[in-house]
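> The following file, run_6.tsv, comprises TSV, N, CA, C and O atoms:
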```tsv
chain	number	residue	atom	x	y	z
A	1	MET	N	8.06	-17.48	-0.06
A	1	MET	CA	6.85	-17.51	-0.85
A	1	MET	C	5.69	-16.99	0.00
A	1	MET	O	5.51	-17.44	1.13
A	2	PRO	N	4.90	-16.06	-0.53
A	2	PRO	CA	3.77	-15.53	0.23
A	2	PRO	C	2.72	-16.60	0.52
A	2	PRO	O	2.49	-17.49	-0.30
A	3	SER	N	2.09	-16.47	1.66
A	3	SER	CA	1.05	-17.43	2.04
A	3	SER	C	-0.27	-17.09	1.36
A	3	SER	O	-0.46	-16.01	0.81
A	4	TYR	N	-1.21	-18.02	1.43
A	4	TYR	CA	-2.55	-17.76	0.90
A	4	TYR	C	-3.22	-16.62	1.65
A	4	TYR	O	-3.92	-15.81	1.05
A	5	LEU	N	-2.99	-16.53	2.96
A	5	LEU	CA	-3.57	-15.44	3.74
A	5	LEU	C	-3.03	-14.09	3.24
A	5	LEU	O	-3.79	-13.16	3.01
A	6	HIS	N	-1.72	-14.01	3.07
A	6	HIS	CA	-1.09	-12.78	2.57
A	6	HIS	C	-1.68	-12.40	1.21
A	6	HIS	O	-2.11	-11.26	1.00
A	7	GLU	N	-1.71	-13.33	0.28
A	7	GLU	CA	-2.20	-13.05	-1.06
A	7	GLU	C	-3.69	-12.71	-1.05
A	7	GLU	O	-4.15	-11.86	-1.80
A	8	GLY	N	-4.45	-13.35	-0.15
A	8	GLY	CA	-5.87	-13.03	-0.02
A	8	GLY	C	-6.10	-11.60	0.45
A	8	GLY	O	-6.98	-10.90	-0.07
A	9	LEU	N	-5.30	-11.16	1.42
A	9	LEU	CA	-5.41	-9.79	1.90
A	9	LEU	C	-5.03	-8.78	0.83
A	9	LEU	O	-5.68	-7.75	0.66
A	10	VAL	N	-3.98	-9.07	0.09
A	10	VAL	CA	-3.57	-8.19	-1.01
A	10	VAL	C	-4.69	-8.08	-2.04
A	10	VAL	O	-5.05	-6.99	-2.47
A	11	GLU	N	-5.28	-9.21	-2.42
A	11	GLU	CA	-6.37	-9.20	-3.40
A	11	GLU	C	-7.59	-8.45	-2.89
A	11	GLU	O	-8.27	-7.77	-3.65
A	12	LEU	N	-7.85	-8.55	-1.60
A	12	LEU	CA	-8.96	-7.81	-1.00
A	12	LEU	C	-8.80	-6.31	-1.26
A	12	LEU	O	-9.74	-5.64	-1.68
A	13	PHE	N	-7.60	-5.80	-1.02
A	13	PHE	CA	-7.34	-4.37	-1.24
A	13	PHE	C	-7.31	-4.03	-2.73
A	13	PHE	O	-7.75	-2.96	-3.13
A	14	ARG	N	-6.77	-4.92	-3.56
A	14	ARG	CA	-6.76	-4.66	-5.00
A	14	ARG	C	-8.18	-4.55	-5.55
A	14	ARG	O	-8.45	-3.74	-6.43
A	15	ASN	N	-9.07	-5.38	-5.05
A	15	ASN	CA	-10.45	-5.37	-5.53
A	15	ASN	C	-11.29	-4.25	-4.91
A	15	ASN	O	-12.27	-3.83	-5.51
A	16	ARG	N	-10.91	-3.79	-3.73
A	16	ARG	CA	-11.64	-2.71	-3.05
A	16	ARG	C	-10.65	-1.71	-2.48
A	16	ARG	O	-10.42	-1.65	-1.27
A	17	PRO	N	-9.98	-0.89	-3.32
A	17	PRO	CA	-8.95	0.02	-2.84
A	17	PRO	C	-9.45	1.05	-1.83
A	17	PRO	O	-8.66	1.57	-1.05
A	18	GLU	N	-10.75	1.30	-1.81
A	18	GLU	CA	-11.28	2.24	-0.81
A	18	GLU	C	-11.09	1.72	0.61
A	18	GLU	O	-11.14	2.51	1.57
A	19	LEU	N	-10.84	0.43	0.76
A	19	LEU	CA	-10.52	-0.10	2.09
A	19	LEU	C	-9.24	0.53	2.64
A	19	LEU	O	-9.13	0.77	3.84
A	20	ALA	N	-8.28	0.80	1.76
A	20	ALA	CA	-7.02	1.41	2.19
A	20	ALA	C	-7.25	2.80	2.75
A	20	ALA	O	-6.70	3.17	3.79
A	21	THR	N	-8.09	3.59	2.09
A	21	THR	CA	-8.35	4.94	2.59
A	21	THR	C	-9.12	4.88	3.90
A	21	THR	O	-8.89	5.68	4.79
A	22	GLY	N	-10.03	3.91	4.02
A	22	GLY	CA	-10.76	3.74	5.27
A	22	GLY	C	-9.85	3.38	6.43
A	22	GLY	O	-9.98	3.94	7.53
A	23	TYR	N	-8.91	2.47	6.21
A	23	TYR	CA	-7.96	2.12	7.26
A	23	TYR	C	-7.10	3.30	7.66
A	23	TYR	O	-6.87	3.55	8.84
A	24	LEU	N	-6.59	4.02	6.67
A	24	LEU	CA	-5.75	5.18	6.99
A	24	LEU	C	-6.52	6.19	7.84
A	24	LEU	O	-5.99	6.73	8.80
A	25	ALA	N	-7.77	6.44	7.49
A	25	ALA	CA	-8.57	7.45	8.20
A	25	ALA	C	-9.06	6.94	9.56
A	25	ALA	O	-8.88	7.60	10.58
A	26	GLU	N	-9.66	5.76	9.58
A	26	GLU	CA	-10.32	5.28	10.80
A	26	GLU	C	-9.37	4.60	11.79
A	26	GLU	O	-9.50	4.80	13.00
A	27	VAL	N	-8.44	3.84	11.31
A	27	VAL	CA	-7.55	3.10	12.21
A	27	VAL	C	-6.34	3.95	12.62
A	27	VAL	O	-5.96	3.98	13.79
A	28	PHE	N	-5.76	4.68	11.65
A	28	PHE	CA	-4.53	5.42	11.93
A	28	PHE	C	-4.75	6.92	12.10
A	28	PHE	O	-3.81	7.64	12.42
A	29	GLY	N	-5.96	7.41	11.87
A	29	GLY	CA	-6.25	8.83	12.06
A	29	GLY	C	-5.55	9.74	11.06
A	29	GLY	O	-5.33	10.91	11.34
A	30	ILE	N	-5.23	9.24	9.88
A	30	ILE	CA	-4.54	10.03	8.86
A	30	ILE	C	-5.58	10.72	7.99
A	30	ILE	O	-6.46	10.08	7.42
A	31	ARG	N	-5.48	12.04	7.89
A	31	ARG	CA	-6.41	12.81	7.05
A	31	ARG	C	-5.87	12.85	5.63
A	31	ARG	O	-4.74	13.25	5.39
A	32	LEU	N	-6.70	12.45	4.70
A	32	LEU	CA	-6.33	12.45	3.29
A	32	LEU	C	-6.93	13.67	2.60
A	32	LEU	O	-7.97	14.17	3.02
A	33	PRO	N	-6.28	14.15	1.53
A	33	PRO	CA	-6.86	15.29	0.80
A	33	PRO	C	-8.13	14.83	0.08
A	33	PRO	O	-8.33	13.64	-0.16
A	34	PRO	N	-8.99	15.78	-0.26
A	34	PRO	CA	-10.20	15.40	-1.00
A	34	PRO	C	-9.83	14.72	-2.32
A	34	PRO	O	-8.90	15.14	-3.01
A	35	PHE	N	-10.56	13.66	-2.66
A	35	PHE	CA	-10.31	12.96	-3.91
A	35	PHE	C	-11.62	12.40	-4.45
A	35	PHE	O	-12.58	12.24	-3.72
A	36	ARG	N	-11.63	12.12	-5.73
A	36	ARG	CA	-12.84	11.62	-6.39
A	36	ARG	C	-12.71	10.15	-6.76
A	36	ARG	O	-13.69	9.43	-6.81
A	37	ASP	N	-11.50	9.67	-7.03
A	37	ASP	CA	-11.30	8.32	-7.53
A	37	ASP	C	-10.01	7.75	-6.98
A	37	ASP	O	-9.15	8.48	-6.50
A	38	ILE	N	-9.89	6.44	-7.05
A	38	ILE	CA	-8.65	5.74	-6.67
A	38	ILE	C	-8.24	4.90	-7.86
A	38	ILE	O	-9.06	4.20	-8.44
A	39	ARG	N	-6.95	4.98	-8.24
A	39	ARG	CA	-6.49	4.16	-9.34
A	39	ARG	C	-5.27	3.35	-8.91
A	39	ARG	O	-4.46	3.79	-8.09
A	40	ALA	N	-5.16	2.15	-9.46
A	40	ALA	CA	-4.01	1.28	-9.17
A	40	ALA	C	-2.77	1.85	-9.83
A	40	ALA	O	-2.85	2.44	-10.91
A	41	GLU	N	-1.64	1.68	-9.19
A	41	GLU	CA	-0.36	2.17	-9.68
A	41	GLU	C	0.67	1.04	-9.61
A	41	GLU	O	0.49	0.07	-8.88
A	42	PRO	N	1.77	1.17	-10.35
A	42	PRO	CA	2.85	0.18	-10.22
A	42	PRO	C	3.35	0.15	-8.77
A	42	PRO	O	3.35	1.18	-8.10
A	43	CYS	N	3.77	-1.00	-8.32
A	43	CYS	CA	4.21	-1.08	-6.93
A	43	CYS	C	5.66	-1.53	-6.81
A	43	CYS	O	6.06	-2.15	-5.84
A	44	ASP	N	6.49	-1.19	-7.79
A	44	ASP	CA	7.94	-1.39	-7.70
A	44	ASP	C	8.56	-0.06	-7.30
A	44	ASP	O	8.32	0.96	-7.95
A	45	PHE	N	9.35	-0.07	-6.26
A	45	PHE	CA	9.95	1.16	-5.74
A	45	PHE	C	11.46	1.03	-5.67
A	45	PHE	O	12.08	1.27	-4.65
A	46	THR	N	12.05	0.62	-6.78
A	46	THR	CA	13.47	0.38	-6.84
A	46	THR	C	14.23	1.70	-6.77
A	46	THR	O	13.90	2.65	-7.45
A	47	ASP	N	15.25	1.72	-5.94
A	47	ASP	CA	16.12	2.87	-5.78
A	47	ASP	C	17.28	2.70	-6.77
A	47	ASP	O	17.48	1.63	-7.34
A	48	ILE	N	18.05	3.75	-6.95
A	48	ILE	CA	19.20	3.68	-7.85
A	48	ILE	C	20.23	2.67	-7.34
A	48	ILE	O	20.91	2.03	-8.10
A	49	GLY	N	20.30	2.52	-6.03
A	49	GLY	CA	21.24	1.57	-5.43
A	49	GLY	C	20.84	0.13	-5.72
A	49	GLY	O	19.87	-0.14	-6.41
A	50	PRO	N	21.56	-0.82	-5.15
A	50	PRO	CA	21.30	-2.23	-5.45
A	50	PRO	C	20.06	-2.80	-4.78
A	50	PRO	O	19.63	-3.89	-5.12
A	51	LYS	N	19.45	-2.08	-3.84
A	51	LYS	CA	18.27	-2.61	-3.15
A	51	LYS	C	17.04	-2.45	-4.02
A	51	LYS	O	16.90	-1.50	-4.77
A	52	GLU	N	16.14	-3.40	-3.91
A	52	GLU	CA	14.88	-3.35	-4.64
A	52	GLU	C	13.75	-3.33	-3.64
A	52	GLU	O	13.73	-4.12	-2.70
A	53	PHE	N	12.80	-2.43	-3.83
A	53	PHE	CA	11.66	-2.30	-2.94
A	53	PHE	C	10.39	-2.53	-3.74
A	53	PHE	O	10.18	-1.88	-4.76
A	54	ARG	N	9.54	-3.43	-3.28
A	54	ARG	CA	8.27	-3.70	-3.93
A	54	ARG	C	7.18	-3.72	-2.88
A	54	ARG	O	7.30	-4.41	-1.87
A	55	GLY	N	6.13	-2.97	-3.13
A	55	GLY	CA	4.96	-3.05	-2.28
A	55	GLY	C	4.05	-4.14	-2.81
A	55	GLY	O	4.21	-4.61	-3.93
A	56	ASP	N	3.07	-4.52	-2.01
A	56	ASP	CA	2.11	-5.52	-2.48
A	56	ASP	C	1.16	-4.91	-3.51
A	56	ASP	O	0.78	-5.55	-4.47
A	57	THR	N	0.78	-3.68	-3.31
A	57	THR	CA	-0.02	-2.94	-4.28
A	57	THR	C	0.08	-1.46	-3.97
A	57	THR	O	0.49	-1.08	-2.87
A	58	ALA	N	-0.25	-0.62	-4.94
A	58	ALA	CA	-0.16	0.82	-4.75
A	58	ALA	C	-1.34	1.50	-5.45
A	58	ALA	O	-1.83	1.00	-6.46
A	59	PHE	N	-1.78	2.62	-4.88
A	59	PHE	CA	-2.91	3.37	-5.42
A	59	PHE	C	-2.58	4.85	-5.41
A	59	PHE	O	-1.78	5.31	-4.60
A	60	SER	N	-3.23	5.59	-6.29
A	60	SER	CA	-3.18	7.05	-6.19
A	60	SER	C	-4.61	7.55	-6.05
A	60	SER	O	-5.54	6.99	-6.61
A	61	LEU	N	-4.76	8.60	-5.24
A	61	LEU	CA	-6.04	9.25	-5.05
A	61	LEU	C	-6.10	10.40	-6.04
A	61	LEU	O	-5.19	11.23	-6.09
A	62	VAL	N	-7.16	10.44	-6.83
A	62	VAL	CA	-7.26	11.34	-7.97
A	62	VAL	C	-8.39	12.34	-7.74
A	62	VAL	O	-9.49	11.96	-7.34
A	63	ASN	N	-8.10	13.61	-7.99
A	63	ASN	CA	-9.14	14.64	-7.84
A	63	ASN	C	-10.01	14.70	-9.10
A	63	ASN	O	-9.82	13.92	-10.04
A	64	GLY	N	-10.96	15.61	-9.13
A	64	GLY	CA	-11.88	15.73	-10.25
A	64	GLY	C	-11.23	16.08	-11.57
A	64	GLY	O	-11.77	15.81	-12.63
A	65	ALA	N	-10.04	16.69	-11.52
A	65	ALA	CA	-9.32	17.06	-12.75
A	65	ALA	C	-8.42	15.94	-13.26
A	65	ALA	O	-7.67	16.12	-14.21
A	66	GLY	N	-8.46	14.77	-12.59
A	66	GLY	CA	-7.63	13.65	-13.00
A	66	GLY	C	-6.21	13.71	-12.49
A	66	GLY	O	-5.37	12.93	-12.92
A	67	GLU	N	-5.92	14.61	-11.56
A	67	GLU	CA	-4.57	14.75	-11.00
A	67	GLU	C	-4.46	13.93	-9.72
A	67	GLU	O	-5.37	13.92	-8.89
A	68	ALA	N	-3.32	13.27	-9.55
A	68	ALA	CA	-3.07	12.54	-8.31
A	68	ALA	C	-2.84	13.53	-7.18
A	68	ALA	O	-2.06	14.47	-7.32
A	69	VAL	N	-3.55	13.34	-6.06
A	69	VAL	CA	-3.39	14.24	-4.91
A	69	VAL	C	-2.72	13.54	-3.73
A	69	VAL	O	-2.28	14.18	-2.79
A	70	ALA	N	-2.63	12.21	-3.77
A	70	ALA	CA	-1.96	11.45	-2.72
A	70	ALA	C	-1.72	10.04	-3.24
A	70	ALA	O	-2.32	9.61	-4.22
A	71	GLY	N	-0.82	9.33	-2.59
A	71	GLY	CA	-0.54	7.95	-2.96
A	71	GLY	C	-0.56	7.05	-1.74
A	71	GLY	O	-0.29	7.50	-0.62
A	72	ILE	N	-0.91	5.80	-1.94
A	72	ILE	CA	-0.94	4.81	-0.87
A	72	ILE	C	-0.17	3.58	-1.35
A	72	ILE	O	-0.42	3.09	-2.45
A	73	VAL	N	0.77	3.11	-0.55
A	73	VAL	CA	1.47	1.87	-0.82
A	73	VAL	C	1.01	0.88	0.24
A	73	VAL	O	1.09	1.16	1.44
A	74	LEU	N	0.53	-0.28	-0.18
A	74	LEU	CA	0.05	-1.30	0.75
A	74	LEU	C	1.05	-2.42	0.83
A	74	LEU	O	1.47	-2.97	-0.19
A	75	GLU	N	1.47	-2.74	2.02
A	75	GLU	CA	2.38	-3.85	2.27
A	75	GLU	C	1.79	-4.66	3.41
A	75	GLU	O	1.76	-4.22	4.56
A	76	VAL	N	1.26	-5.82	3.09
A	76	VAL	CA	0.63	-6.69	4.10
A	76	VAL	C	1.71	-7.31	4.97
A	76	VAL	O	2.66	-7.90	4.47
A	77	GLN	N	1.56	-7.16	6.28
A	77	GLN	CA	2.47	-7.77	7.25
A	77	GLN	C	1.64	-8.68	8.15
A	77	GLN	O	0.72	-8.22	8.82
A	78	LEU	N	1.94	-9.96	8.15
A	78	LEU	CA	1.18	-10.90	8.96
A	78	LEU	C	1.69	-11.00	10.39
A	78	LEU	O	1.05	-11.59	11.24
A	79	CYS	N	2.87	-10.43	10.65
A	79	CYS	CA	3.39	-10.40	12.02
A	79	CYS	C	4.29	-9.17	12.13
A	79	CYS	O	4.69	-8.58	11.14
A	80	ARG	N	4.56	-8.79	13.37
A	80	ARG	CA	5.43	-7.64	13.59
A	80	ARG	C	6.90	-8.03	13.38
A	80	ARG	O	7.33	-9.07	13.86
A	81	PRO	N	7.65	-7.19	12.66
A	81	PRO	CA	9.08	-7.49	12.52
A	81	PRO	C	9.78	-7.37	13.86
A	81	PRO	O	9.35	-6.61	14.73
A	82	ARG	N	10.82	-8.12	14.04
A	82	ARG	CA	11.55	-8.10	15.32
A	82	ARG	C	12.18	-6.76	15.61
A	82	ARG	O	12.24	-6.32	16.73
A	83	ARG	N	12.69	-6.10	14.58
A	83	ARG	CA	13.39	-4.83	14.79
A	83	ARG	C	12.81	-3.75	13.89
A	83	ARG	O	13.34	-3.50	12.82
A	84	GLY	N	11.75	-3.12	14.30
A	84	GLY	CA	11.21	-1.98	13.55
A	84	GLY	C	10.60	-2.37	12.22
A	84	GLY	O	9.97	-3.41	12.10
A	85	THR	N	10.85	-1.57	11.21
A	85	THR	CA	10.26	-1.80	9.90
A	85	THR	C	11.03	-2.83	9.12
A	85	THR	O	12.19	-3.13	9.42
A	86	THR	N	10.40	-3.36	8.08
A	86	THR	CA	11.08	-4.34	7.25
A	86	THR	C	11.83	-3.69	6.09
A	86	THR	O	12.72	-4.30	5.53
A	87	TRP	N	11.45	-2.48	5.70
A	87	TRP	CA	12.16	-1.76	4.64
A	87	TRP	C	13.15	-0.81	5.30
A	87	TRP	O	12.78	0.06	6.06
A	88	ARG	N	14.41	-0.97	5.01
A	88	ARG	CA	15.45	-0.10	5.57
A	88	ARG	C	16.35	0.37	4.46
A	88	ARG	O	16.61	-0.31	3.51
A	89	TYR	N	16.85	1.57	4.65
A	89	TYR	CA	17.80	2.13	3.67
A	89	TYR	C	19.21	1.87	4.11
A	89	TYR	O	19.55	1.76	5.21
```
Kindly return the structure encoded in the file as structure tokens.


Amino acid sequence: MPSYLHEGLVELFRNRPELATGYLAEVFGIRLPPFRDIRAEPCDFTDIGPKEFRGDTAFSLVNGAGEAVAGIVLEVQLCRPRRGTTWRY
């Protein structure tokens, strides 16, 4: 069961999705394409196989024509996994 801290962080990003673009740019140095808006997206990423992948929240960056130009999946991690990433194929 997710903790209050985890759910609070997820809600923070859901309420202010521009925080995600700020973190990607300022903390991780990732350059994003130009965009005008951010919209929430479904965050279920189920593969055809038996594994199910769900992010905490997902956004798409939308240009002036209403087209998605990039996507962001947010997965709050309160500690580092022991062996690399938590999502594995």

> Enumerate the residues of range 5-79 of chain A with a DSSP assignment of alpha helix (DSSP H), computed from the backbone, and present them as a ChimeraX atom specification.

/A:5-15,18-22

> As an exercise, work out the distance from atom O of Gly71 in chain A to atom O of Phe59 in chain A in Å and give it to one decimal place.

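Spanning atom O of Gly71 in chain A to atom O of Phe59 in chain A is a straight-line distance of 4.8 Å.
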
> Measure the distance from CA of Ala65 in chain A to CA of Tyr23 in chain A in Å and round it to one decimal.

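Computing it gives 25.0 Å between the two atoms.
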
> Find the residue from A:Pro17, A:Glu11, A:Leu5, A:Glu75 that sits nearest to Ile38 in chain A; use all atoms listed in the file when measuring.

A:Pro17

> Select, from A:Asp56, A:Asn15, A:Ala68, A:Ala20, the residue with the minimum atom-to-atom distance to Arg36 in chain A, counting only C-alpha atoms.

A:Ala68

> Suppose you want the space between CA of Asn63 in chain A and CA of Ala25 in chain A; what is it in Å?

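A separation of 17.6 Å between them.
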
> Calculated over only C-alpha atoms, which of the candidates A:Pro42, A:Gly55, A:Gly22, A:Gly29 has the smallest distance to Leu74 in chain A?

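Ranked by minimum distance to Leu74 in chain A, first place goes to A:Gly55.
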